[in-house]
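Everything below belongs to model_0.csv, which stores CSV, C-alpha atoms and all ligand atoms.
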```csv
chain,number,residue,atom,x,y,z
M,29,MET,CA,-3.3,-20.4,-2.3
M,30,ASN,CA,-6.9,-19.4,-2.1
M,31,GLU,CA,-8.5,-16.1,-3.1
M,32,LYS,CA,-8.0,-14.5,0.3
M,33,SER,CA,-5.6,-11.6,0.1
M,34,SER,CA,-4.9,-11.0,3.7
M,35,PRO,CA,-4.1,-13.3,6.6
M,36,GLU,CA,-7.1,-13.8,8.9
M,37,THR,CA,-5.4,-16.2,11.2
M,38,LEU,CA,-1.9,-16.9,12.4
M,39,GLN,CA,-1.9,-20.0,10.2
M,40,ASP,CA,-2.7,-17.8,7.2
M,41,ALA,CA,0.2,-15.5,8.1
M,42,ILE,CA,2.6,-18.4,8.5
M,43,THR,CA,1.6,-19.9,5.2
M,44,LEU,CA,1.7,-16.6,3.4
M,45,PHE,CA,5.1,-15.5,4.6
M,46,ALA,CA,6.7,-19.0,4.2
M,47,ASP,CA,7.1,-17.9,0.6
M,48,PRO,CA,10.5,-16.0,0.6
M,49,LEU,CA,9.3,-13.9,-2.4
M,50,VAL,CA,6.1,-12.8,-0.5
M,51,ALA,CA,8.0,-12.0,2.7
M,52,HIS,CA,10.7,-10.1,0.7
M,53,THR,CA,8.1,-8.1,-1.3
M,54,PHE,CA,6.2,-7.2,1.9
M,55,MET,CA,9.4,-6.0,3.6
M,56,ALA,CA,10.7,-4.2,0.4
M,57,ALA,CA,7.5,-2.1,0.2
M,58,ILE,CA,8.3,-0.9,3.8
M,59,VAL,CA,12.0,-0.4,3.5
M,60,TRP,CA,12.0,1.0,0.0
M,61,PRO,CA,8.7,2.8,-0.3
M,62,ASP,CA,9.7,4.3,-3.7
M,63,GLY,CA,10.0,0.8,-5.1
M,64,LYS,CA,13.8,1.2,-5.7
M,65,PRO,CA,16.0,-1.2,-3.8
M,66,LYS,CA,19.2,0.4,-2.4
M,67,CYS,CA,22.4,-1.3,-1.3
M,68,ALA,CA,22.4,-1.7,2.5
M,69,HIS,CA,26.2,-1.1,2.5
M,70,CYS,CA,26.8,1.9,0.3
M,71,GLY,CA,23.3,3.2,-0.6
M,72,SER,CA,23.7,2.6,-4.3
M,73,ALA,CA,20.6,1.9,-6.4
M,74,ASN,CA,22.7,0.1,-8.9
M,75,VAL,CA,21.8,-3.4,-7.7
M,76,GLY,CA,21.0,-6.8,-9.2
M,77,THR,CA,17.7,-8.7,-8.8
M,78,PHE,CA,16.9,-10.5,-5.6
M,79,SER,CA,17.1,-14.2,-5.9
M,80,GLY,CA,17.5,-17.5,-4.1
M,81,LYS,CA,15.8,-18.8,-1.0
M,82,ARG,CA,17.3,-15.9,1.0
M,83,MET,CA,16.4,-13.3,-1.6
M,84,VAL,CA,19.9,-12.0,-1.9
M,85,SER,CA,21.0,-9.2,-4.2
M,86,ASN,CA,24.5,-8.1,-5.3
M,87,CYS,CA,25.5,-4.4,-5.3
M,88,LYS,CA,27.1,-3.5,-8.6
M,89,ASP,CA,29.1,-0.7,-7.0
M,90,CYS,CA,30.5,-2.1,-3.7
M,91,LYS,CA,30.1,-5.7,-4.8
M,92,LYS,CA,28.7,-6.7,-1.5
M,93,GLN,CA,25.6,-8.9,-1.0
M,94,PHE,CA,22.6,-7.7,0.9
M,95,THR,CA,19.0,-8.6,1.7
M,96,VAL,CA,16.0,-6.5,2.6
M,97,LYS,CA,16.5,-7.5,6.2
M,98,ILE,CA,19.8,-5.6,6.5
M,99,GLY,CA,19.1,-2.1,7.7
M,100,THR,CA,16.1,-3.2,9.7
M,101,LEU,CA,15.8,-4.0,13.4
M,102,PHE,CA,15.7,-7.6,12.4
M,103,ALA,CA,19.1,-7.6,10.7
M,104,ASP,CA,21.3,-9.0,13.5
M,105,SER,CA,19.2,-12.1,14.0
M,106,PRO,CA,19.5,-15.2,12.0
M,107,LEU,CA,15.7,-15.7,12.1
M,108,PRO,CA,14.1,-15.5,8.7
M,109,LEU,CA,11.4,-13.1,7.7
M,110,SER,CA,9.1,-16.2,7.7
M,111,LYS,CA,9.3,-16.1,11.5
M,112,TRP,CA,9.4,-12.3,12.0
M,113,LEU,CA,6.4,-11.4,9.9
M,114,PRO,CA,4.0,-13.9,11.5
M,115,ALA,CA,5.3,-12.7,14.9
M,116,ILE,CA,4.5,-9.1,14.0
M,117,TRP,CA,1.0,-10.3,12.9
M,118,LEU,CA,0.5,-12.1,16.2
M,119,ILE,CA,1.6,-9.1,18.3
M,120,VAL,CA,-0.5,-6.5,16.4
M,121,ASN,CA,-3.5,-8.8,16.5
M,122,ALA,CA,-3.2,-9.7,20.2
M,123,LYS,CA,-5.6,-7.3,21.7
M,124,ASN,CA,-4.8,-8.3,25.3
M,125,GLY,CA,-1.1,-8.7,24.8
M,126,ILE,CA,0.9,-11.8,24.3
M,127,SER,CA,3.6,-13.5,26.2
M,128,SER,CA,6.9,-14.8,24.9
M,129,TYR,CA,5.7,-18.4,25.8
M,130,GLU,CA,2.7,-18.0,23.6
M,131,VAL,CA,4.7,-16.6,20.7
M,132,GLY,CA,7.2,-19.4,21.1
M,133,ARG,CA,4.6,-22.1,21.0
M,134,ALA,CA,2.8,-20.5,18.0
M,135,LEU,CA,5.9,-20.1,15.9
M,136,GLY,CA,7.9,-23.1,16.9
M,137,VAL,CA,10.8,-21.2,18.5
M,138,THR,CA,12.2,-21.2,22.0
M,139,GLN,CA,10.8,-18.9,24.6
M,140,LYS,CA,14.2,-17.1,24.7
M,141,THR,CA,14.0,-16.5,20.9
M,142,ALA,CA,10.4,-15.4,21.2
M,143,TRP,CA,11.3,-13.0,24.0
M,144,PHE,CA,14.0,-11.4,21.8
M,145,MET,CA,11.5,-11.1,18.9
M,146,LEU,CA,8.9,-9.5,21.2
M,147,HIS,CA,11.5,-7.0,22.4
M,148,ARG,CA,12.6,-6.1,18.9
M,149,ILE,CA,9.1,-5.7,17.6
M,150,ARG,CA,8.1,-3.5,20.5
M,151,LEU,CA,11.1,-1.4,19.8
M,152,ALA,CA,10.0,-1.1,16.2
M,153,MET,CA,6.5,-0.1,17.4
M,154,GLN,CA,8.1,2.6,19.6
M,155,ASN,CA,10.2,3.9,16.8
M,156,GLY,CA,7.2,3.7,14.4
M,157,SER,CA,9.5,1.9,12.0
M,158,ILE,CA,11.3,-1.3,11.4
M,159,VAL,CA,14.1,0.7,9.7
M,160,LYS,CA,17.1,1.4,11.9
M,161,MET,CA,17.3,5.0,13.1
M,162,GLY,CA,20.1,7.1,11.7
M,163,GLY,CA,19.8,5.9,8.2
M,164,THR,CA,18.5,7.9,5.2
M,165,VAL,CA,15.1,6.2,5.4
M,166,GLU,CA,12.2,8.3,6.7
M,167,VAL,CA,10.0,6.9,9.4
M,168,ASP,CA,7.7,4.8,7.4
M,169,GLU,CA,3.9,5.5,7.3
M,170,THR,CA,3.1,2.1,6.0
M,171,PHE,CA,4.6,0.5,9.0
M,172,ARG,CA,3.2,3.1,11.4
M,173,GLY,CA,-0.2,2.2,10.0
M,174,PHE,CA,0.6,-1.4,10.2
M,175,LEU,CA,1.4,-1.2,13.9
M,176,GLY,CA,-1.1,1.6,14.7
M,177,ALA,CA,-4.6,1.4,16.2
M,178,SER,CA,-6.1,0.4,12.8
M,179,CYS,CA,-3.3,-2.1,12.3
M,180,SER,CA,-5.5,-4.9,11.1
M,181,SER,CA,-7.0,-3.0,8.2
M,182,SER,CA,-3.6,-1.4,7.2
M,183,PHE,CA,-2.1,-4.8,7.3
M,184,SER,CA,-4.8,-6.2,5.1
M,185,SER,CA,-4.6,-3.4,2.6
M,186,SER,CA,-0.7,-3.6,2.4
M,187,LEU,CA,-1.0,-7.3,1.8
M,188,GLY,CA,-3.8,-6.8,-0.6
M,189,GLY,CA,-1.7,-4.5,-2.7
M,190,ILE,CA,1.2,-7.0,-2.7
M,191,MET,CA,-1.0,-9.9,-3.6
M,192,GLY,CA,-2.5,-7.8,-6.4
M,193,ASN,CA,0.9,-7.0,-7.8
M,194,GLN,CA,1.8,-10.6,-8.0
M,195,ASN,CA,-1.1,-11.6,-10.2
M,201,ZN,ZN,26.8,-1.2,-2.3
```

Please render this file's structure as structure tokens.
Amino acid sequence: MNEKSSPETLQDAITLFADPLVAHTFMAAIVWPDGKPKCAHCGSANVGTFSGKRMVSNCKDCKKQFTVKIGTLFADSPLPLSKWLPAIWLIVNAKNGISSYEVGRALGVTQKTAWFMLHRIRLAMQNGSIVKMGGTVEVDETFRGFLGASCSSSFSSSLGGIMGNQN
């Protein structure tokens, strides 16, 4: 990886989020802004470390497994964060809008899958959060900024912070 701390191109975003740890860390900062992961099933903070390619953690209270994706609008899709995060990047950076055909081609998914992703991401933009409504999590300012008018700079600074933490 070079010295760049934020994706300038789609290819940068794809490369960056292909690392499960980077994708997990990025999402975790949004889902758990206080830095304390909580079980998606019972809300306990008594959880193990995230590990493996899917970045799975075990809750020490209810004994169930969870990932950062559970509890977000992306939970019910088998698509990995390595597809979702570049898709979000594409959508927030497409000044004139983007079609499901373009997203599909760019990410190597079918048009049908891309249409589903666009739909979910637009829903998240409407909600101002990727976190499902009705949970205990407040509408997230990081993500609001991420998707807002100044999305590019917020995106860069979020990522910059994450990249900084890693080194
Ligand atoms: Zn639990």

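Taking all atoms listed in the file into account, the protein and nucleic acid residues that come at most 12 Å from ligand ZN 201 (chain M) are Pro65, Lys66, Cys67, Ala68, His69, Cys70, Gly71, Ser72, Ala73, Asn74, Val75, Gly76, Ser85, Asn86, Cys87, Lys88, Asp89, Cys90, Lys91, Lys92, Gln93, Phe94 and Thr95 of chain M.
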
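With distances restricted to all atoms listed in the file, M:Pro114 is the closest residue to M:Leu146 from M:Val159, M:Gly99, M:Pro114, M:Ala41.
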
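Atom CA of M:Leu38 sits 18.0 Å away from atom CA of M:Met55.
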
Atom-to-atom span, atom CA of M:Lys64 and atom CA of M:Ala46, Å: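 Taking atom CA of M:Lys64 and atom CA of M:Ala46, their separation equals 23.6 Å.
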
8 Å contact set for M:Ala56, all atoms listed in the file, chain neighbours under 5 positions out, as a list in words: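 Contacts, in chain order: Pro61, Gly63, Pro65 and Val96 of chain M.
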
Counting all atoms listed in the file, the residue of M:Ala57, M:Leu49, M:Ile42, M:Ile149 that sits nearest M:Lys111: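 Smallest distance to M:Lys111 is found for M:Ile42.
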
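Closest approach to M:Ile58 from the set M:Thr37, M:Thr100, M:Thr43, M:Thr141 is made by M:Thr100, with distances taken over all atoms listed in the file.
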
Residue with smallest distance to M:Lys140 - pool M:Gln39, M:Ile116, M:Ala152, M:Ser127, counting all atoms listed in the file: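 Using all atoms listed in the file, M:Lys140 sits closest to M:Ser127.
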
Distance of atom CA of M:Asp104 from atom CA of M:Met145, expressed in Å to one decimal place: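 Rounded to one decimal, the two atoms are 11.4 Å apart.
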
Exercise: stretch 136-138 of chain M partners within 12 Å, all atoms listed in the file, chain neighbours under 5 positions left out, as a list in words: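 The neighbour list is Ile42, Leu107, Pro108, Ser110, Lys111, Trp112, Pro114, Ala115, Ser128, Tyr129, Glu130, Val131, Trp143, Phe144 and Met145 of chain M.
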
Selection near M:Leu113, 8 Å with all atoms listed in the file, sequence-local residues under 4 positions removed, as a PyMOL selection string: chain M and resi 41+45+51+109+117

Print the selection's residues with C-alpha atoms to a file, as a short mmCIF file (atom, residue, chain, number, x, y, z; two decimals), keeping the file's coordinate frame.
```cif
data_model
loop_
_atom_site.label_atom_id
_atom_site.label_comp_id
_atom_site.auth_asym_id
_atom_site.auth_seq_id
_atom_site.Cartn_x
_atom_site.Cartn_y
_atom_site.Cartn_z
CA ALA M 41 0.20 -15.50 8.10
CA PHE M 45 5.10 -15.50 4.60
CA ALA M 51 8.00 -12.00 2.70
CA LEU M 109 11.40 -13.10 7.70
CA TRP M 117 1.00 -10.30 12.90
#
```

Could N, CA and C atoms be built for stretch 101-130 of chain M and written out as a PDB file, in the frame of the given file?
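As a result, part.pdb now contains:
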```pdb
ATOM      1  N   LEU M 101      15.523  -3.530  12.018  1.00  0.00           N
ATOM      2  CA  LEU M 101      15.800  -4.000  13.400  1.00  0.00           C
ATOM      3  C   LEU M 101      15.906  -5.486  13.507  1.00  0.00           C
ATOM      4  N   PHE M 102      15.644  -6.196  12.430  1.00  0.00           N
ATOM      5  CA  PHE M 102      15.700  -7.600  12.400  1.00  0.00           C
ATOM      6  C   PHE M 102      17.045  -8.161  11.875  1.00  0.00           C
ATOM      7  N   ALA M 103      17.912  -7.230  11.469  1.00  0.00           N
ATOM      8  CA  ALA M 103      19.100  -7.600  10.700  1.00  0.00           C
ATOM      9  C   ALA M 103      20.064  -8.506  11.485  1.00  0.00           C
ATOM     10  N   ASP M 104      20.242  -8.227  12.768  1.00  0.00           N
ATOM     11  CA  ASP M 104      21.300  -9.000  13.500  1.00  0.00           C
ATOM     12  C   ASP M 104      20.764 -10.274  14.071  1.00  0.00           C
ATOM     13  N   SER M 105      19.657 -10.753  13.566  1.00  0.00           N
ATOM     14  CA  SER M 105      19.200 -12.100  14.000  1.00  0.00           C
ATOM     15  C   SER M 105      19.150 -13.010  12.827  1.00  0.00           C
ATOM     16  N   PRO M 106      19.502 -14.271  13.083  1.00  0.00           N
ATOM     17  CA  PRO M 106      19.500 -15.200  12.000  1.00  0.00           C
ATOM     18  C   PRO M 106      18.079 -15.703  11.621  1.00  0.00           C
ATOM     19  N   LEU M 107      17.090 -15.264  12.385  1.00  0.00           N
ATOM     20  CA  LEU M 107      15.700 -15.700  12.100  1.00  0.00           C
ATOM     21  C   LEU M 107      15.256 -15.158  10.750  1.00  0.00           C
ATOM     22  N   PRO M 108      14.611 -15.995   9.977  1.00  0.00           N
ATOM     23  CA  PRO M 108      14.100 -15.500   8.700  1.00  0.00           C
ATOM     24  C   PRO M 108      12.877 -14.685   8.786  1.00  0.00           C
ATOM     25  N   LEU M 109      12.576 -13.960   7.730  1.00  0.00           N
ATOM     26  CA  LEU M 109      11.400 -13.100   7.700  1.00  0.00           C
ATOM     27  C   LEU M 109      10.115 -14.010   7.867  1.00  0.00           C
ATOM     28  N   SER M 110      10.232 -15.287   7.511  1.00  0.00           N
ATOM     29  CA  SER M 110       9.100 -16.200   7.700  1.00  0.00           C
ATOM     30  C   SER M 110       8.724 -16.425   9.124  1.00  0.00           C
ATOM     31  N   LYS M 111       9.624 -16.054  10.033  1.00  0.00           N
ATOM     32  CA  LYS M 111       9.300 -16.100  11.500  1.00  0.00           C
ATOM     33  C   LYS M 111       8.912 -14.666  11.947  1.00  0.00           C
ATOM     34  N   TRP M 112       9.663 -13.660  11.492  1.00  0.00           N
ATOM     35  CA  TRP M 112       9.400 -12.300  12.000  1.00  0.00           C
ATOM     36  C   TRP M 112       8.041 -11.780  11.574  1.00  0.00           C
ATOM     37  N   LEU M 113       7.645 -11.998  10.335  1.00  0.00           N
ATOM     38  CA  LEU M 113       6.400 -11.400   9.900  1.00  0.00           C
ATOM     39  C   LEU M 113       5.164 -12.001  10.568  1.00  0.00           C
ATOM     40  N   PRO M 114       5.087 -13.336  10.710  1.00  0.00           N
ATOM     41  CA  PRO M 114       4.000 -13.900  11.500  1.00  0.00           C
ATOM     42  C   PRO M 114       4.026 -13.405  12.966  1.00  0.00           C
ATOM     43  N   ALA M 115       5.225 -13.210  13.504  1.00  0.00           N
ATOM     44  CA  ALA M 115       5.300 -12.700  14.900  1.00  0.00           C
ATOM     45  C   ALA M 115       4.747 -11.327  15.008  1.00  0.00           C
ATOM     46  N   ILE M 116       5.031 -10.487  14.019  1.00  0.00           N
ATOM     47  CA  ILE M 116       4.500  -9.100  14.000  1.00  0.00           C
ATOM     48  C   ILE M 116       2.927  -9.237  13.926  1.00  0.00           C
ATOM     49  N   TRP M 117       2.495 -10.114  13.047  1.00  0.00           N
ATOM     50  CA  TRP M 117       1.000 -10.300  12.900  1.00  0.00           C
ATOM     51  C   TRP M 117       0.420 -10.676  14.242  1.00  0.00           C
ATOM     52  N   LEU M 118       1.049 -11.618  14.931  1.00  0.00           N
ATOM     53  CA  LEU M 118       0.500 -12.100  16.200  1.00  0.00           C
ATOM     54  C   LEU M 118       0.448 -10.922  17.217  1.00  0.00           C
ATOM     55  N   ILE M 119       1.504 -10.125  17.274  1.00  0.00           N
ATOM     56  CA  ILE M 119       1.600  -9.100  18.300  1.00  0.00           C
ATOM     57  C   ILE M 119       0.569  -7.953  17.972  1.00  0.00           C
ATOM     58  N   VAL M 120       0.441  -7.570  16.708  1.00  0.00           N
ATOM     59  CA  VAL M 120      -0.500  -6.500  16.400  1.00  0.00           C
ATOM     60  C   VAL M 120      -1.952  -6.964  16.540  1.00  0.00           C
ATOM     61  N   ASN M 121      -2.164  -8.253  16.426  1.00  0.00           N
ATOM     62  CA  ASN M 121      -3.500  -8.800  16.500  1.00  0.00           C
ATOM     63  C   ASN M 121      -3.905  -9.273  17.911  1.00  0.00           C
ATOM     64  N   ALA M 122      -2.947  -9.277  18.819  1.00  0.00           N
ATOM     65  CA  ALA M 122      -3.200  -9.700  20.200  1.00  0.00           C
ATOM     66  C   ALA M 122      -3.736  -8.577  21.001  1.00  0.00           C
ATOM     67  N   LYS M 123      -5.031  -8.462  21.079  1.00  0.00           N
ATOM     68  CA  LYS M 123      -5.600  -7.300  21.700  1.00  0.00           C
ATOM     69  C   LYS M 123      -5.255  -7.188  23.204  1.00  0.00           C
ATOM     70  N   ASN M 124      -5.103  -8.310  23.834  1.00  0.00           N
ATOM     71  CA  ASN M 124      -4.800  -8.300  25.300  1.00  0.00           C
ATOM     72  C   ASN M 124      -3.349  -8.601  25.576  1.00  0.00           C
ATOM     73  N   GLY M 125      -2.511  -8.386  24.577  1.00  0.00           N
ATOM     74  CA  GLY M 125      -1.100  -8.700  24.800  1.00  0.00           C
ATOM     75  C   GLY M 125      -0.802 -10.146  24.616  1.00  0.00           C
ATOM     76  N   ILE M 126       0.463 -10.453  24.510  1.00  0.00           N
ATOM     77  CA  ILE M 126       0.900 -11.800  24.300  1.00  0.00           C
ATOM     78  C   ILE M 126       2.207 -12.067  24.955  1.00  0.00           C
ATOM     79  N   SER M 127       2.377 -13.239  25.494  1.00  0.00           N
ATOM     80  CA  SER M 127       3.600 -13.500  26.200  1.00  0.00           C
ATOM     81  C   SER M 127       4.614 -14.214  25.268  1.00  0.00           C
ATOM     82  N   SER M 128       5.869 -14.196  25.692  1.00  0.00           N
ATOM     83  CA  SER M 128       6.900 -14.800  24.900  1.00  0.00           C
ATOM     84  C   SER M 128       6.651 -16.365  24.816  1.00  0.00           C
ATOM     85  N   TYR M 129       6.006 -16.918  25.847  1.00  0.00           N
ATOM     86  CA  TYR M 129       5.700 -18.400  25.800  1.00  0.00           C
ATOM     87  C   TYR M 129       4.698 -18.653  24.696  1.00  0.00           C
ATOM     88  N   GLU M 130       3.679 -17.789  24.600  1.00  0.00           N
ATOM     89  CA  GLU M 130       2.700 -18.000  23.600  1.00  0.00           C
ATOM     90  C   GLU M 130       3.251 -17.819  22.162  1.00  0.00           C
TER      91      GLU M 130
END
```
